[in-house]
>>> print(open('upload.txt').read())   # compact mmCIF, C-alpha atoms and all ligand atoms
# COMPACT_ATOMS: atom_id res chain seq x y z
CA GLU A 231 200.58 121.64 67.43
CA ARG A 232 203.66 123.75 68.02
CA LEU A 233 203.53 125.02 64.44
CA THR A 234 199.88 126.08 64.71
CA ARG A 235 200.53 127.76 67.99
CA SER A 236 203.43 129.82 66.73
CA THR A 237 201.45 130.83 63.67
CA ALA A 238 198.63 131.95 65.92
CA ASP A 239 201.14 133.87 68.03
CA ASP A 240 202.49 135.56 64.92
CA VAL A 241 199.01 136.62 63.91
CA GLU A 242 198.41 138.06 67.40
CA ARG A 243 201.73 139.87 67.33
CA ALA A 244 201.06 141.37 63.92
CA ALA A 245 197.61 142.50 65.02
CA GLU A 246 199.15 144.08 68.09
CA ALA A 247 201.85 145.87 66.16
CA ALA A 248 199.25 147.36 63.85
CA LEU A 249 197.42 148.92 66.79
CA ARG A 250 200.43 150.28 68.65
CA PRO A 251 200.19 154.04 69.13
CA LYS A 252 203.17 155.76 67.46
CA GLY A 253 203.48 159.02 69.39
CA LEU A 254 203.06 160.01 73.01
CA ALA A 255 199.90 161.95 72.14
CA ASP A 256 198.18 158.72 70.98
CA PHE A 257 199.12 156.84 74.12
CA VAL A 258 195.93 156.51 76.16
CA GLY A 259 195.77 156.87 79.93
CA GLN A 260 198.67 156.73 82.42
CA PRO A 261 198.71 160.54 82.66
CA GLN A 262 201.49 160.58 85.21
CA VAL A 263 203.93 158.46 83.25
CA ARG A 264 203.07 160.35 80.09
CA GLU A 265 203.73 163.71 81.71
CA GLN A 266 206.99 162.56 83.30
CA LEU A 267 208.21 160.99 80.12
CA SER A 268 207.40 164.01 78.01
CA LEU A 269 209.47 166.15 80.40
CA VAL A 270 212.43 163.79 80.12
CA LEU A 271 212.17 163.84 76.32
CA ASP A 272 211.72 167.59 76.00
CA ALA A 273 214.61 168.33 78.34
CA ALA A 274 216.88 166.02 76.40
CA ALA A 275 215.83 167.62 73.13
CA ALA A 276 216.50 171.09 74.53
CA ARG A 277 219.99 170.06 75.59
CA ASN A 278 220.47 168.13 72.39
CA ARG A 279 221.48 165.00 74.24
CA ALA A 280 220.29 161.42 74.50
CA PRO A 281 217.57 161.21 77.19
CA ASP A 282 218.31 159.51 80.49
CA HIS A 283 217.83 155.76 80.72
CA VAL A 284 214.23 154.83 81.43
CA LEU A 285 212.89 151.92 83.45
CA LEU A 286 209.26 150.92 82.90
CA SER A 287 207.55 148.57 85.31
CA GLY A 288 204.14 147.00 85.40
CA PRO A 289 202.21 143.84 84.57
CA PRO A 290 202.25 142.47 80.99
CA GLY A 291 200.23 144.19 78.27
CA LEU A 292 200.07 147.65 79.85
CA GLY A 293 202.22 149.39 77.24
CA LYS A 294 205.89 149.07 78.18
CA THR A 295 207.07 148.01 74.72
CA THR A 296 204.78 150.59 73.18
CA LEU A 297 206.33 153.35 75.29
CA ALA A 298 209.84 152.25 74.36
CA MET A 299 208.88 152.56 70.69
CA ILE A 300 207.26 155.90 71.34
CA ILE A 301 210.46 157.17 72.97
CA ALA A 302 212.43 156.24 69.85
CA HIS A 303 209.76 157.78 67.63
CA GLU A 304 209.72 161.04 69.60
CA MET A 305 213.53 161.16 69.41
CA ASN A 306 213.47 160.46 65.69
CA SER A 307 215.75 157.55 66.24
CA GLN A 308 215.93 153.83 65.73
CA ILE A 309 215.15 151.19 68.31
CA ARG A 310 216.91 147.91 68.98
CA VAL A 311 214.82 145.32 70.77
CA THR A 312 216.03 142.44 72.89
CA SER A 313 215.06 140.73 76.14
CA GLY A 314 216.69 139.59 79.35
CA PRO A 315 216.32 135.87 78.61
CA ALA A 316 218.01 136.43 75.21
CA VAL A 317 221.06 137.95 76.88
CA GLN A 318 222.61 134.93 78.56
CA HIS A 319 226.28 135.88 78.20
CA ALA A 320 228.13 139.15 78.52
CA GLY A 321 229.24 138.59 74.92
CA ASP A 322 225.62 138.73 73.69
CA LEU A 323 225.25 142.15 75.24
CA ALA A 324 228.67 143.37 74.04
CA ALA A 325 227.66 142.52 70.48
CA ILE A 326 224.45 144.52 70.75
CA LEU A 327 226.02 147.48 72.53
CA SER A 328 228.95 147.77 70.15
CA SER A 329 226.63 147.93 67.15
CA LEU A 330 224.46 150.74 68.53
CA GLU A 331 224.38 154.00 66.67
CA ASP A 332 224.46 157.50 68.06
CA GLY A 333 221.23 158.31 69.91
CA GLU A 334 219.67 154.92 69.37
CA VAL A 335 217.21 153.39 71.85
CA LEU A 336 218.03 149.97 73.22
CA PHE A 337 214.97 148.22 74.61
CA ILE A 338 215.53 145.28 76.95
CA ASP A 339 212.28 143.59 77.88
CA GLU A 340 212.22 141.45 81.05
CA ILE A 341 215.47 143.09 82.02
CA HIS A 342 215.36 141.39 85.42
CA ARG A 343 216.05 138.07 83.72
CA MET A 344 219.38 139.05 82.21
CA ALA A 345 222.50 137.05 83.12
CA ARG A 346 224.51 138.49 86.00
CA ALA A 347 227.72 138.99 83.95
CA ALA A 348 225.80 140.94 81.32
CA GLU A 349 224.19 143.03 84.02
CA GLU A 350 227.58 144.15 85.26
CA MET A 351 228.66 145.07 81.77
CA LEU A 352 225.50 147.11 81.46
CA TYR A 353 226.37 149.24 84.53
CA LEU A 354 229.44 150.63 82.83
CA ALA A 355 227.69 151.05 79.51
CA MET A 356 224.84 153.00 81.09
CA GLU A 357 227.12 155.21 83.13
CA ASP A 358 230.11 155.89 80.91
CA TYR A 359 228.99 154.68 77.45
CA ARG A 360 231.83 152.19 77.57
CA VAL A 361 232.26 148.43 77.76
CA ASP A 362 235.30 146.39 78.65
CA VAL A 363 235.63 143.56 76.20
CA ILE A 364 237.59 140.70 77.72
CA VAL A 365 239.95 139.08 75.28
CA GLY A 366 241.59 135.77 76.10
CA LYS A 367 241.18 133.54 79.13
CA GLY A 368 242.77 133.05 82.54
CA PRO A 369 245.74 135.12 83.72
CA GLY A 370 246.54 136.30 80.19
CA ALA A 371 243.09 137.83 79.67
CA THR A 372 242.99 141.55 79.00
CA ALA A 373 240.16 144.02 79.10
CA ILE A 374 239.95 146.20 76.04
CA PRO A 375 237.85 149.30 76.64
CA LEU A 376 235.43 150.08 73.87
CA GLU A 377 233.76 153.47 73.55
CA LEU A 378 230.04 153.44 72.80
CA PRO A 379 227.99 156.20 71.24
CA PRO A 380 225.46 157.86 73.56
CA PHE A 381 222.29 155.77 73.64
CA THR A 382 219.16 155.50 75.74
CA LEU A 383 218.42 152.27 77.48
CA VAL A 384 214.76 151.49 78.07
CA GLY A 385 214.33 148.56 80.41
CA ALA A 386 211.02 146.85 81.10
CA THR A 387 210.18 144.67 84.06
CA THR A 388 207.03 143.38 85.67
CA ARG A 389 208.13 144.79 89.04
CA SER A 390 210.98 147.21 89.60
CA GLY A 391 211.67 145.48 92.92
CA LEU A 392 212.98 142.49 90.96
CA LEU A 393 216.00 144.49 89.82
CA PRO A 394 219.19 144.60 91.85
CA ALA A 395 219.59 148.06 93.39
CA PRO A 396 222.77 148.97 91.47
CA LEU A 397 220.96 148.44 88.18
CA ARG A 398 217.80 150.18 89.31
CA ASP A 399 219.79 153.18 90.47
CA ARG A 400 221.35 153.71 87.07
CA PHE A 401 218.03 154.59 85.49
CA GLY A 402 217.34 158.31 85.47
CA PHE A 403 213.63 157.74 85.49
CA THR A 404 211.26 154.94 86.49
CA GLY A 405 207.70 154.90 85.23
CA HIS A 406 205.17 152.64 86.91
CA LEU A 407 202.33 151.52 84.69
CA ASP A 408 199.04 150.77 86.41
CA PHE A 409 196.00 148.85 85.28
CA TYR A 410 193.74 151.03 83.11
CA SER A 411 190.31 152.28 84.04
CA ILE A 412 187.32 151.03 82.06
CA GLU A 413 186.96 154.52 80.54
CA ASP A 414 190.56 154.52 79.31
CA LEU A 415 190.17 151.03 77.88
CA GLN A 416 187.09 152.23 76.06
CA ILE A 417 189.18 154.97 74.47
CA VAL A 418 191.76 152.36 73.43
CA LEU A 419 188.97 150.26 71.92
CA ARG A 420 187.39 153.16 70.05
CA ARG A 421 190.72 153.90 68.46
CA SER A 422 191.17 150.23 67.46
CA VAL A 423 187.65 150.11 66.02
CA ARG A 424 188.47 153.13 63.89
CA MET A 425 191.82 151.75 62.75
CA LEU A 426 190.42 148.33 61.90
CA GLY A 427 187.40 149.80 60.13
CA MET A 428 184.87 148.00 62.33
CA GLU A 429 181.40 148.99 63.38
CA ALA A 430 180.72 148.98 67.11
CA THR A 431 178.29 150.32 69.67
CA GLU A 432 179.34 152.10 72.87
CA THR A 433 177.61 149.53 75.07
CA GLY A 434 179.44 146.77 73.23
CA LEU A 435 182.80 148.46 73.75
CA ARG A 436 182.04 149.16 77.37
CA GLU A 437 181.28 145.51 77.97
CA ILE A 438 184.61 144.50 76.43
CA ALA A 439 186.49 147.20 78.35
CA GLY A 440 184.96 146.05 81.62
CA ARG A 441 186.16 142.52 81.09
CA SER A 442 189.69 143.25 79.94
CA ARG A 443 191.56 142.95 83.23
CA GLY A 444 192.54 146.61 83.05
CA THR A 445 194.87 145.67 80.19
CA PRO A 446 194.94 147.24 76.68
CA ARG A 447 196.48 144.14 75.12
CA ILE A 448 193.60 142.04 76.41
CA ALA A 449 191.03 144.65 75.37
CA ASN A 450 192.31 144.61 71.79
CA ARG A 451 192.43 140.83 71.73
CA LEU A 452 188.89 140.48 73.04
CA LEU A 453 187.72 143.06 70.51
CA ARG A 454 188.96 140.83 67.70
CA ARG A 455 187.24 137.80 69.21
CA VAL A 456 183.98 139.71 69.54
CA ARG A 457 184.28 140.86 65.94
CA ASP A 458 184.69 137.21 64.90
CA TRP A 459 181.47 136.36 66.69
CA ALA A 460 179.67 139.37 65.24
CA GLN A 461 180.71 138.44 61.72
CA VAL A 462 179.94 134.76 61.94
CA ARG A 463 176.88 134.64 64.21
CA GLY A 464 175.73 138.20 64.69
CA SER A 465 174.89 141.31 62.74
CA GLY A 466 178.51 142.15 61.90
CA ILE A 467 178.43 144.93 64.46
CA VAL A 468 180.39 144.74 67.70
CA ASP A 469 177.48 145.32 70.05
CA LEU A 470 176.44 144.23 73.53
CA THR A 471 174.93 140.95 72.33
CA ALA A 472 178.06 140.03 70.41
CA ALA A 473 180.31 141.05 73.31
CA ARG A 474 178.39 138.98 75.86
CA ALA A 475 178.11 135.94 73.65
CA ALA A 476 181.73 135.94 72.50
CA LEU A 477 183.14 136.50 75.97
CA GLU A 478 181.07 133.59 77.18
CA VAL A 479 182.60 131.40 74.47
CA TYR A 480 186.10 132.49 75.50
CA GLU A 481 185.44 131.94 79.20
CA VAL A 482 186.06 135.51 80.27
CA ASP A 483 183.89 136.17 83.31
CA GLU A 484 182.16 139.43 84.32
CA LYS A 485 185.17 140.65 86.22
CA GLY A 486 187.44 139.72 83.32
CA LEU A 487 189.26 136.99 85.21
CA ASP A 488 191.01 134.59 82.91
CA ARG A 489 191.66 130.92 83.45
CA LEU A 490 194.84 131.42 85.51
CA ASP A 491 193.21 134.04 87.75
CA ARG A 492 190.29 131.74 88.36
CA SER A 493 192.32 128.65 89.06
CA VAL A 494 194.48 130.54 91.55
CA LEU A 495 191.35 131.73 93.36
CA GLU A 496 189.69 128.33 93.23
CA MET A 497 192.75 126.63 94.68
CA LEU A 498 193.06 129.24 97.35
CA CYS A 499 189.45 128.80 98.42
CA ARG A 500 188.76 125.13 97.81
CA ARG A 501 192.06 123.45 98.55
CA PHE A 502 193.51 125.86 101.11
CA ASN A 503 190.31 127.02 102.75
CA GLY A 504 191.01 130.61 101.84
CA GLY A 505 194.61 130.61 103.02
CA PRO A 506 196.97 131.88 104.17
CA VAL A 507 199.13 129.88 101.80
CA GLY A 508 202.66 130.53 100.57
CA LEU A 509 203.28 131.64 96.99
CA ASN A 510 205.28 128.54 96.04
CA THR A 511 202.69 126.11 97.34
CA LEU A 512 199.96 128.00 95.57
CA ALA A 513 201.93 128.07 92.31
CA VAL A 514 202.67 124.33 92.42
CA SER A 515 199.01 123.58 92.97
CA VAL A 516 198.00 125.45 89.81
CA ALA A 517 201.02 124.02 87.91
CA GLU A 518 202.56 127.41 87.21
CA GLU A 519 205.84 129.14 87.92
CA PRO A 520 205.74 131.20 91.13
CA GLU A 521 206.85 134.23 89.06
CA THR A 522 203.83 133.87 86.77
CA VAL A 523 201.41 133.69 89.67
CA GLU A 524 203.10 136.60 91.42
CA GLU A 525 203.64 138.89 88.44
CA VAL A 526 200.70 138.08 86.18
CA ALA A 527 197.73 136.82 88.21
CA GLU A 528 198.30 138.37 91.61
CA PRO A 529 198.52 142.09 90.81
CA PHE A 530 195.08 142.01 89.23
CA LEU A 531 193.48 139.83 91.89
CA VAL A 532 194.84 142.14 94.58
CA ARG A 533 193.65 145.20 92.74
CA GLU A 534 190.18 143.73 92.37
CA GLY A 535 190.10 143.05 96.10
CA LEU A 536 189.84 139.28 95.59
CA MET A 537 193.12 138.35 97.20
CA SER A 538 195.41 139.91 99.72
CA ARG A 539 199.02 139.37 100.62
CA THR A 540 199.82 138.95 104.29
CA PRO A 541 203.12 138.15 106.00
CA ARG A 542 201.85 134.58 106.46
CA GLY A 543 200.84 134.11 102.85
CA ARG A 544 198.07 134.78 100.35
CA ILE A 545 194.48 134.86 101.47
CA ALA A 546 191.20 134.95 99.59
CA THR A 547 188.91 137.82 100.50
CA ARG A 548 185.20 137.51 101.13
CA ASP A 549 184.60 138.84 97.61
CA ALA A 550 186.66 136.00 96.17
CA TRP A 551 184.40 133.39 97.74
CA LEU A 552 181.32 135.21 96.55
CA HIS A 553 182.73 135.65 93.06
CA LEU A 554 183.26 131.90 92.82
CA GLY A 555 179.74 131.32 94.08
CA LEU A 556 180.98 129.80 97.35
CA THR A 557 180.11 130.49 100.97
CA PRO A 558 182.97 132.25 102.75
CA VAL A 559 184.54 129.76 105.12
CA ASP A 560 184.46 131.95 108.23
CA GLU A 561 180.72 132.52 107.80
CA ASP A 562 180.37 128.78 107.58
CA ARG A 563 181.97 128.43 110.95
CA GLY A 564 179.73 131.15 112.27
P1 LIG A 601 203.91 145.36 77.44
O1 LIG A 601 205.21 145.64 76.74
O2 LIG A 601 203.75 146.17 78.69
O3 LIG A 601 203.65 143.91 77.67
P2 LIG A 601 202.73 146.40 74.98
O4 LIG A 601 203.40 147.71 74.92
O5 LIG A 601 203.26 145.33 74.10
O6 LIG A 601 202.70 145.87 76.50
O7 LIG A 601 201.17 146.65 74.73
C1 LIG A 601 200.34 145.66 74.19
C2 LIG A 601 199.36 146.25 73.19
O8 LIG A 601 198.41 147.04 73.89
C3 LIG A 601 200.00 147.19 72.18
O9 LIG A 601 200.17 146.54 70.97
C4 LIG A 601 199.03 148.33 72.02
O10 LIG A 601 198.22 148.11 70.88
C5 LIG A 601 198.16 148.26 73.22
N1 LIG A 601 198.42 149.37 74.15
C6 LIG A 601 199.17 149.30 75.28
N2 LIG A 601 199.14 150.47 75.93
C7 LIG A 601 198.36 151.30 75.22
C8 LIG A 601 197.91 152.66 75.40
N3 LIG A 601 198.27 153.37 76.48
N4 LIG A 601 197.13 153.20 74.45
C9 LIG A 601 196.74 152.47 73.40
N5 LIG A 601 197.09 151.19 73.17
C10 LIG A 601 197.90 150.60 74.07
>>> encode(input="upload.txt", output="structure tokens")
Amino acid sequence: ERLTRSTADDVERAAEAALRPKGLADFVGQPQVREQLSLVLDAAAARNRAPDHVLLSGPPGLGKTTLAMIIAHEMNSQIRVTSGPAVQHAGDLAAILSSLEDGEVLFIDEIHRMARAAEEMLYLAMEDYRVDVIVGKGPGATAIPLELPPFTLVGATTRSGLLPAPLRDRFGFTGHLDFYSIEDLQIVLRRSVRMLGMEATETGLREIAGRSRGTPRIANRLLRRVRDWAQVRGSGIVDLTAARAALEVYEVDEKGLDRLDRSVLEMLCRRFNGGPVGLNTLAVSVAEEPETVEEVAEPFLVREGLMSRTPRGRIATRDAWLHLGLTPVDEDRG
């Protein structure tokens, strides 16, 4: 089972990599981040220096990794990719930093999950392009300073508030990625259709875009599932019929809620009477990590007006009850 799953993951990753826009001009939507980033890059080019360190925040699948790669591409430089969970010791980070080349981009995904000791090493590296490598143990240990070439750190996190202030402050620029509009997702899909040599209708693409949770990664994934359906059961064309039928098969509802979104809402309404309920309690009841509920499901549910966060906990809105086909509890009570 594990083997099949990782093979499926590999296929998804390869498909994703193939569709990644290469330059800033191909990056759809997020006009503010695009404008800000292009200023940072142009200024650095004009001064002939490595651009400031960049922090990108936002829910998964909105383009953080893609932007990191675009930064490297626009700088004509290489990119080194790692992630917070992979950096568990300061030594892991020292090894990466000391092998960087002049002007390279270092991308650390989920940077908020890096080990504390590595984080402190990163402060110095970001500020002075230097690390202190500790040699030996106990009282005899010495710190050997090691010069690093100028590099640009691109950190990604689901929420910038998860980062300790000293780390956050060392980024010259923070870009917040927001969920995409249906129109922008349609542009993403049109581009994918072209690149994959598919045939699609506008109504078909609009249907997919509207059910993609505001997320390009999901839009591209659903597009491939709809194509499967179109090829096997339909006319071969990604049209409205294919989109509706395939999305039904994959249990994506009209608002694009996925299984986790729905189970969070169902719990909130059915078990907790609409709340308020604390994040941890809610997470336990859907058998998920609190971080996953908070960083993956919640931002979208809040944006869609299905859930709100209050000081006393999470509550389901009237629209949430209606979306689940239930009678809002306060109306029940009169
Ligand atoms: P994140 O790192 O935020 O989880 P990614 O950068 O890996 O997200 O994006 C996932 C996929 O979505 C990419 O492979 C890319 O094909 C697509 N994508 C993301 N943002 C955009 C965008 N603005 N324009 C076009 N495609 C995008």
>>> atom_distance(input="upload.txt", atom1="CA of Glu481 in chain A", atom2="CA of Ser515 in chain A")
21.1 Å
>>> residues_near_ligand(input="upload.txt", ligand="ligand LIG 601 (chain A)", cutoff="7 Å", atoms="only C-alpha atoms and all ligand atoms", output="ChimeraX atom specification")
/A:246-247,249-251,256-260,288-297,418,446-447,450
>>> atom_distance(input="upload.txt", atom1="CA of Asp469 in chain A", atom2="CA of Gly440 in chain A")
13.8 Å
>>> atom_distance(input="upload.txt", atom1="CA of Ala472 in chain A", atom2="CA of Glu432 in chain A")
12.4 Å
>>> closest_residue(input="upload.txt", among="A:Arg539, A:Arg400, A:Arg455, A:Arg436", to="Asp282 in chain A", atoms="all atoms listed in the file")
A:Arg400
>>> residues_around(input="upload.txt", residues="range 495-503 of chain A", least_positions_apart="6", cutoff="9 Å", atoms="all atoms listed in the file", output="PyMOL selection string")
chain A and resi 512+515-516+531+536-537+544-546+550-551+554+556+558-559
>>> axis_aligned_box(input="upload.txt", around="range 286-305 of chain A", padding_each_side="6 Å", output="JSON")
{"center_x": 206.8, "center_y": 151.8, "center_z": 76.5, "size_x": 25.5, "size_y": 30.7, "size_z": 29.8}
>>> residues_around(input="upload.txt", residues="Arg343 in chain A", least_positions_apart="2", cutoff="8 Å", atoms="all atoms listed in the file", output="PyMOL selection string")
chain A and resi 314-315+340-341+345
>>> decode(input="upload.txt", residues="range 389-405 of chain A", atoms="C-alpha atoms", output="short mmCIF file (atom, residue, chain, number, x, y, z; two decimals), in the first residue's frame")
data_model
loop_
_atom_site.label_atom_id
_atom_site.label_comp_id
_atom_site.auth_asym_id
_atom_site.auth_seq_id
_atom_site.Cartn_x
_atom_site.Cartn_y
_atom_site.Cartn_z
CA ARG A 389 1.29 31.47 8.21
CA SER A 390 3.99 34.05 8.87
CA GLY A 391 2.71 34.33 12.44
CA LEU A 392 4.14 30.87 13.12
CA LEU A 393 7.67 32.21 12.83
CA PRO A 394 9.52 33.59 15.83
CA ALA A 395 9.86 37.37 15.47
CA PRO A 396 13.68 37.40 15.23
CA LEU A 397 13.52 35.10 12.21
CA ARG A 398 10.62 36.94 10.61
CA ASP A 399 12.42 40.25 11.00
CA ARG A 400 15.43 39.06 9.06
CA PHE A 401 13.47 38.74 5.85
CA GLY A 402 13.63 41.85 3.71
CA PHE A 403 10.30 41.10 2.15
CA THR A 404 7.23 39.05 3.05
CA GLY A 405 4.72 38.10 0.38
#
